[in-house]
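work38.cif (mmCIF, C-alpha atoms)
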```
data_model
loop_
_atom_site.group_PDB
_atom_site.id
_atom_site.type_symbol
_atom_site.label_atom_id
_atom_site.label_comp_id
_atom_site.auth_asym_id
_atom_site.auth_seq_id
_atom_site.Cartn_x
_atom_site.Cartn_y
_atom_site.Cartn_z
ATOM 1 C CA MET A 116 -22.649 15.112 -9.029
ATOM 2 C CA LYS A 117 -25.278 17.731 -9.841
ATOM 3 C CA THR A 118 -22.760 19.609 -12.004
ATOM 4 C CA TYR A 119 -22.057 16.370 -13.896
ATOM 5 C CA CYS A 120 -25.788 15.796 -14.355
ATOM 6 C CA LEU A 121 -26.319 19.353 -15.587
ATOM 7 C CA LEU A 122 -23.448 18.978 -18.067
ATOM 8 C CA LEU A 123 -24.978 15.745 -19.346
ATOM 9 C CA ALA A 124 -28.370 17.421 -19.586
ATOM 10 C CA GLY A 125 -26.804 20.243 -21.608
ATOM 11 C CA LEU A 126 -25.036 17.769 -23.890
ATOM 12 C CA THR A 127 -28.238 15.804 -24.302
ATOM 13 C CA LEU A 128 -30.255 18.876 -25.206
ATOM 14 C CA GLY A 129 -27.465 19.976 -27.545
ATOM 15 C CA LEU A 130 -27.544 16.653 -29.322
ATOM 16 C CA LEU A 131 -31.198 17.193 -30.067
ATOM 17 C CA GLY A 132 -30.123 19.777 -32.603
ATOM 18 C CA VAL A 133 -29.369 17.038 -35.102
ATOM 19 C CA CYS A 134 -31.981 15.153 -38.058
ATOM 20 C CA SER A 135 -34.200 14.782 -41.785
ATOM 21 C CA SER A 136 -36.792 13.517 -44.249
ATOM 22 C CA ALA A 137 -38.126 13.993 -47.739
ATOM 23 C CA ALA A 138 -41.233 16.075 -48.452
ATOM 24 C CA ASP A 139 -42.072 16.754 -44.800
ATOM 25 C CA THR A 140 -42.250 20.084 -43.078
ATOM 26 C CA PRO A 141 -39.296 20.985 -40.882
ATOM 27 C CA GLU A 142 -41.603 20.690 -37.853
ATOM 28 C CA ALA A 143 -42.561 17.111 -38.773
ATOM 29 C CA ILE A 144 -38.914 16.181 -39.161
ATOM 30 C CA VAL A 145 -38.038 17.467 -35.698
ATOM 31 C CA GLN A 146 -40.997 15.596 -34.202
ATOM 32 C CA ARG A 147 -39.772 12.405 -35.862
ATOM 33 C CA GLN A 148 -36.310 13.149 -34.554
ATOM 34 C CA MET A 149 -37.659 13.302 -31.012
ATOM 35 C CA ALA A 150 -39.460 9.971 -31.443
ATOM 36 C CA THR A 151 -36.321 8.291 -32.794
ATOM 37 C CA MET A 152 -34.229 9.679 -29.955
ATOM 38 C CA ARG A 153 -36.736 8.563 -27.296
ATOM 39 C CA ALA A 154 -36.596 5.048 -28.771
ATOM 40 C CA GLY A 155 -32.794 5.011 -28.502
ATOM 41 C CA ASP A 156 -32.505 4.174 -32.201
ATOM 42 C CA TRP A 157 -29.124 5.818 -32.813
ATOM 43 C CA LYS A 158 -28.619 4.306 -36.258
ATOM 44 C CA GLY A 159 -32.011 5.642 -37.316
ATOM 45 C CA PHE A 160 -31.298 8.978 -35.651
ATOM 46 C CA THR A 161 -27.939 9.225 -37.428
ATOM 47 C CA ALA A 162 -29.481 8.393 -40.802
ATOM 48 C CA LEU A 163 -31.478 11.609 -40.477
ATOM 49 C CA MET A 164 -28.427 13.852 -40.032
ATOM 50 C CA HIS A 165 -26.728 15.887 -42.742
ATOM 51 C CA ASP A 166 -23.484 14.354 -44.021
ATOM 52 C CA SER A 167 -21.577 17.561 -43.284
ATOM 53 C CA ALA A 168 -22.681 17.431 -39.620
ATOM 54 C CA LEU A 169 -21.573 13.810 -39.287
ATOM 55 C CA GLN A 170 -18.207 14.586 -40.861
ATOM 56 C CA GLU A 171 -17.722 17.620 -38.610
ATOM 57 C CA PHE A 172 -18.519 15.556 -35.508
ATOM 58 C CA ARG A 173 -16.151 12.751 -36.523
ATOM 59 C CA THR A 174 -13.318 15.155 -37.367
ATOM 60 C CA SER A 175 -13.721 16.986 -34.040
ATOM 61 C CA PHE A 176 -13.675 13.848 -31.907
ATOM 62 C CA THR A 177 -10.879 12.222 -33.894
ATOM 63 C CA SER A 178 -8.805 15.346 -33.205
ATOM 64 C CA LEU A 179 -9.765 15.129 -29.537
ATOM 65 C CA LEU A 180 -8.660 11.491 -29.335
ATOM 66 C CA GLU A 181 -5.349 12.329 -30.946
ATOM 67 C CA ALA A 182 -4.834 15.189 -28.447
ATOM 68 C CA VAL A 183 -5.256 12.876 -25.440
ATOM 69 C CA PRO A 184 -1.977 11.230 -24.383
ATOM 70 C CA GLU A 185 -1.915 7.443 -24.591
ATOM 71 C CA GLY A 186 -2.789 5.787 -21.328
ATOM 72 C CA GLU A 187 -5.616 5.788 -18.838
ATOM 73 C CA ALA A 188 -7.373 8.944 -20.091
ATOM 74 C CA ARG A 189 -7.487 7.794 -23.712
ATOM 75 C CA THR A 190 -8.577 4.296 -22.666
ATOM 76 C CA GLY A 191 -11.354 5.859 -20.584
ATOM 77 C CA ILE A 192 -12.599 7.909 -23.540
ATOM 78 C CA LEU A 193 -12.527 4.883 -25.834
ATOM 79 C CA GLN A 194 -14.355 2.772 -23.224
ATOM 80 C CA GLY A 195 -16.964 5.370 -22.281
ATOM 81 C CA LEU A 196 -17.654 6.997 -25.634
ATOM 82 C CA PHE A 197 -16.847 4.289 -28.169
ATOM 83 C CA GLY A 198 -17.774 0.998 -26.508
ATOM 84 C CA GLY A 199 -14.170 0.019 -25.787
ATOM 85 C CA LYS A 200 -13.134 -0.116 -29.439
ATOM 86 C CA ALA A 201 -9.448 0.355 -30.204
ATOM 87 C CA GLN A 202 -8.459 3.824 -31.408
ATOM 88 C CA SER A 203 -7.566 2.426 -34.826
ATOM 89 C CA GLU A 204 -11.109 0.988 -35.127
ATOM 90 C CA VAL A 205 -12.714 4.261 -34.049
ATOM 91 C CA VAL A 206 -10.656 6.361 -36.463
ATOM 92 C CA ALA A 207 -11.559 3.972 -39.322
ATOM 93 C CA LEU A 208 -15.328 4.315 -38.760
ATOM 94 C CA GLU A 209 -17.341 6.168 -41.384
ATOM 95 C CA PRO A 210 -18.912 9.385 -40.010
ATOM 96 C CA ALA A 211 -22.414 7.882 -39.566
ATOM 97 C CA ALA A 212 -21.102 4.786 -37.756
ATOM 98 C CA PHE A 213 -18.813 7.009 -35.666
ATOM 99 C CA PHE A 214 -21.730 9.147 -34.428
ATOM 100 C CA ALA A 215 -24.061 6.181 -33.845
ATOM 101 C CA THR A 216 -21.347 4.312 -31.898
ATOM 102 C CA PHE A 217 -20.662 7.410 -29.812
ATOM 103 C CA MET A 218 -24.344 7.941 -28.930
ATOM 104 C CA GLU A 219 -25.008 4.255 -28.247
ATOM 105 C CA SER A 220 -21.972 4.038 -25.950
ATOM 106 C CA LEU A 221 -22.743 7.307 -24.181
ATOM 107 C CA SER A 222 -26.316 6.270 -23.448
ATOM 108 C CA ASN A 223 -25.217 2.798 -22.292
ATOM 109 C CA VAL A 224 -22.682 4.108 -19.776
ATOM 110 C CA ASN A 225 -25.087 6.699 -18.415
ATOM 111 C CA PRO A 226 -28.429 5.202 -17.373
ATOM 112 C CA MET A 227 -29.660 8.598 -16.173
ATOM 113 C CA MET A 228 -29.066 10.086 -19.623
ATOM 114 C CA LYS A 229 -30.803 7.127 -21.263
ATOM 115 C CA GLN A 230 -33.778 7.618 -18.930
ATOM 116 C CA GLY A 231 -33.852 11.360 -19.657
ATOM 117 C CA LEU A 232 -33.762 10.837 -23.413
ATOM 118 C CA SER A 233 -36.486 8.201 -23.344
ATOM 119 C CA GLY A 234 -38.824 10.609 -21.557
ATOM 120 C CA ALA A 235 -37.845 13.822 -23.352
ATOM 121 C CA GLU A 236 -40.701 15.941 -24.648
ATOM 122 C CA GLY A 237 -40.522 18.561 -27.348
ATOM 123 C CA GLU A 238 -43.159 21.125 -28.222
ATOM 124 C CA VAL A 239 -42.417 22.418 -31.707
ATOM 125 C CA LEU A 240 -43.396 26.073 -32.037
ATOM 126 C CA GLY A 241 -42.551 26.752 -35.694
ATOM 127 C CA HIS A 242 -39.654 27.469 -38.011
ATOM 128 C CA VAL A 243 -37.757 30.392 -39.476
ATOM 129 C CA ASP A 244 -36.261 30.114 -42.958
ATOM 130 C CA GLU A 245 -32.764 31.371 -43.689
ATOM 131 C CA GLY A 246 -32.744 31.397 -47.446
ATOM 132 C CA PRO A 247 -33.999 28.511 -49.574
ATOM 133 C CA ASP A 248 -31.624 25.835 -48.230
ATOM 134 C CA LYS A 249 -31.574 26.383 -44.469
ATOM 135 C CA THR A 250 -34.255 26.607 -41.803
ATOM 136 C CA HIS A 251 -34.393 26.679 -38.014
ATOM 137 C CA VAL A 252 -37.085 24.915 -35.973
ATOM 138 C CA VAL A 253 -37.888 26.457 -32.591
ATOM 139 C CA MET A 254 -39.053 24.160 -29.801
ATOM 140 C CA ARG A 255 -39.485 23.897 -26.053
ATOM 141 C CA LEU A 256 -37.674 20.864 -24.659
ATOM 142 C CA LYS A 257 -38.450 19.170 -21.357
ATOM 143 C CA LEU A 258 -36.097 16.577 -19.944
ATOM 144 C CA THR A 259 -35.782 14.849 -16.579
ATOM 145 C CA MET A 260 -32.479 13.318 -15.506
ATOM 146 C CA GLY A 261 -32.738 11.762 -12.068
ATOM 147 C CA ASP A 262 -34.196 14.485 -9.846
ATOM 148 C CA ILE A 263 -33.250 17.300 -12.229
ATOM 149 C CA ASN A 264 -35.956 18.755 -14.476
ATOM 150 C CA VAL A 265 -34.743 20.864 -17.401
ATOM 151 C CA THR A 266 -36.910 23.023 -19.645
ATOM 152 C CA LYS A 267 -35.118 24.828 -22.429
ATOM 153 C CA MET A 268 -35.967 26.707 -25.581
ATOM 154 C CA ASP A 269 -33.937 25.224 -28.407
ATOM 155 C CA VAL A 270 -33.378 25.698 -32.106
ATOM 156 C CA THR A 271 -32.684 22.825 -34.480
ATOM 157 C CA SER A 272 -31.075 23.919 -37.739
ATOM 158 C CA LEU A 273 -31.783 21.946 -40.896
ATOM 159 C CA LYS A 274 -30.130 22.109 -44.304
ATOM 160 C CA ARG A 275 -31.450 20.899 -47.630
ATOM 161 C CA ASP A 276 -29.969 17.702 -48.977
ATOM 162 C CA GLY A 277 -31.470 17.154 -52.413
ATOM 163 C CA ASP A 278 -35.233 17.204 -51.907
ATOM 164 C CA SER A 279 -35.025 16.473 -48.183
ATOM 165 C CA TRP A 280 -34.013 18.299 -45.022
ATOM 166 C CA LYS A 281 -31.318 17.041 -42.660
ATOM 167 C CA THR A 282 -30.192 18.503 -39.377
ATOM 168 C CA LEU A 283 -26.907 20.125 -38.522
ATOM 169 C CA LEU A 284 -24.873 20.046 -35.315
ATOM 170 C CA SER A 285 -26.041 22.485 -32.698
ATOM 171 C CA GLY A 286 -23.831 25.205 -31.294
ATOM 172 C CA ASP A 287 -23.947 23.346 -27.964
ATOM 173 C CA ILE A 288 -22.150 20.362 -29.504
ATOM 174 C CA GLN A 289 -19.572 22.557 -31.199
ATOM 175 C CA THR A 290 -18.908 24.387 -27.911
ATOM 176 C CA MET A 291 -18.620 21.105 -25.981
ATOM 177 C CA VAL A 292 -16.036 19.707 -28.411
ATOM 178 C CA ALA A 293 -14.038 22.958 -28.377
ATOM 179 C CA GLY A 294 -14.081 22.966 -24.558
ATOM 180 C CA MET A 295 -12.905 19.366 -24.400
ATOM 181 C CA MET A 296 -10.102 20.146 -26.863
ATOM 182 C CA LYS A 297 -8.992 23.125 -24.782
ATOM 183 C CA ALA A 298 -9.034 21.045 -21.594
ATOM 184 C CA MET A 299 -6.980 18.291 -23.230
ATOM 185 C CA LYS A 300 -4.380 20.741 -24.554
ATOM 186 C CA GLY A 301 -4.067 22.264 -21.089
ATOM 187 C CA LYS A 302 -3.038 18.922 -19.538
#
```

Before we go any further, please render this structure as structure tokens.
Amino acid sequence: MKTYCLLLAGLTLGLLGVCSSAADTPEAIVQRQMATMRAGDWKGFTALMHDSALQEFRTSFTSLLEAVPEGEARTGILQGLFGGKAQSEVVALEPAAFFATFMESLSNVNPMMKQGLSGAEGEVLGHVDEGPDKTHVVMRLKLTMGDINVTKMDVTSLKRDGDSWKTLLSGDIQTMVAGMMKAMKGK
């Protein structure tokens, strides 16, 4: 059970690497991201993400769904991660709706995760620019899931989108999806 909780904590912290706004500093955007996440407003949270990140997430999970044989495992994924929608409905979702549905479902089926997210704290320490169109915000995250307290240094990457900044997927999310794909192919 503790391993499961630690995996969920890692996923949760990885998901924090995702958000945006107009003429705000990168630090202000990440602080707003934390507030939106704590409120469980997944549509609002998703609206702050870069389109390329949403597309990447959708493509990865659509591939994962297609790799899972029909039956109990696929039904379990659809129930737990997509609110029980049919695969055809999930595949037809636009990237933003896909991500918001995923996060809403994941937090609903895992009360401990929902509790951890609602109480998450982030101390933004600053940002490092990588050229004119990309920046990385460094923060200290604190999260409690059940009796497990996690403190982690994290980096949220943001990319320009017109005159605003929007967040990208974190490496933790990319690694999680790749690991799930590998596990599914091995079965």

Selected by the PyMOL selection byres ((chain A and resi 152) around 12) in the shown coordinates: which residues, as a PyMOL selection string? chain A and resi 127-128+130-134+145-151+153-163+215+218-219+222+228-237

Ranking A:Thr216, A:Thr271, A:Thr266, A:Gln202 by minimum distance to Val239 of chain A and counting only C-alpha atoms, which one comes first?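 That would be A:Thr271, the residue with the smallest distance to Val239 of chain A.
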
Pick from A:Gly294, A:Gly241, A:Gly191, A:Pro226, whichever lies nearest to Asp269 of chain A using only C-alpha atoms: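 The shortest atom-to-atom distance to Asp269 of chain A comes from A:Gly241.
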
Nearest to Arg275 of chain A among A:Met164, A:Ala293, A:Ala211, A:Ile263, with distances taken over all atoms listed in the file: which residue is it? A:Met164

Option closest in space to Asp278 of chain A, from A:Thr177, A:Pro247, A:Glu204, A:Leu258 [counting only C-alpha atoms]: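 Residue with the minimum atom-to-atom distance to Asp278 of chain A: A:Pro247.
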
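Distances here use only C-alpha atoms; by that measure, the residue among A:Leu273, A:Val265, A:Ala212, A:Met227 closest to Lys249 of chain A is A:Leu273.
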
I'd like the residues picked by the PyMOL selection byres ((chain A and resi 292) around 12) written out as number ranges by chain, using the chain letters and numbers from the file. A: 126, 129-130, 171-180, 284-291, 293-299

Every residue with an atom at most 10 Å from (-38.7, 25.2, -41.8) (file coordinates; only C-alpha atoms) is what I'm after, so could you write them as a VMD selection string? chain A and resid 139 to 145 241 to 245 247 to 253 271 to 274 280

Please return as a PyMOL selection string every residue within 12 Å of (-18.8, 3.1, -24.0), taking into account all atoms listed in the file and the file's own coordinates. chain A and resi 190-201+205+215-226

Exactly which residues make up the result of the PyMOL selection byres ((chain A and resi 165) around 7) on this file, given as a list in words? Leu163, Met164, Asp166, Ser167, Ala168, Leu169, Lys281, Thr282 and Leu283 of chain A

Could you state the separation of atom CA of Val270 of chain A and atom CA of Lys257 of chain A in Å, given to one decimal place? 13.6 Å

What does the distance between atom CA of Leu240 of chain A and atom CA of Arg255 of chain A come to in Å, to one decimal place?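 Going from atom CA of Leu240 of chain A over to atom CA of Arg255 of chain A, I get 7.5 Å.
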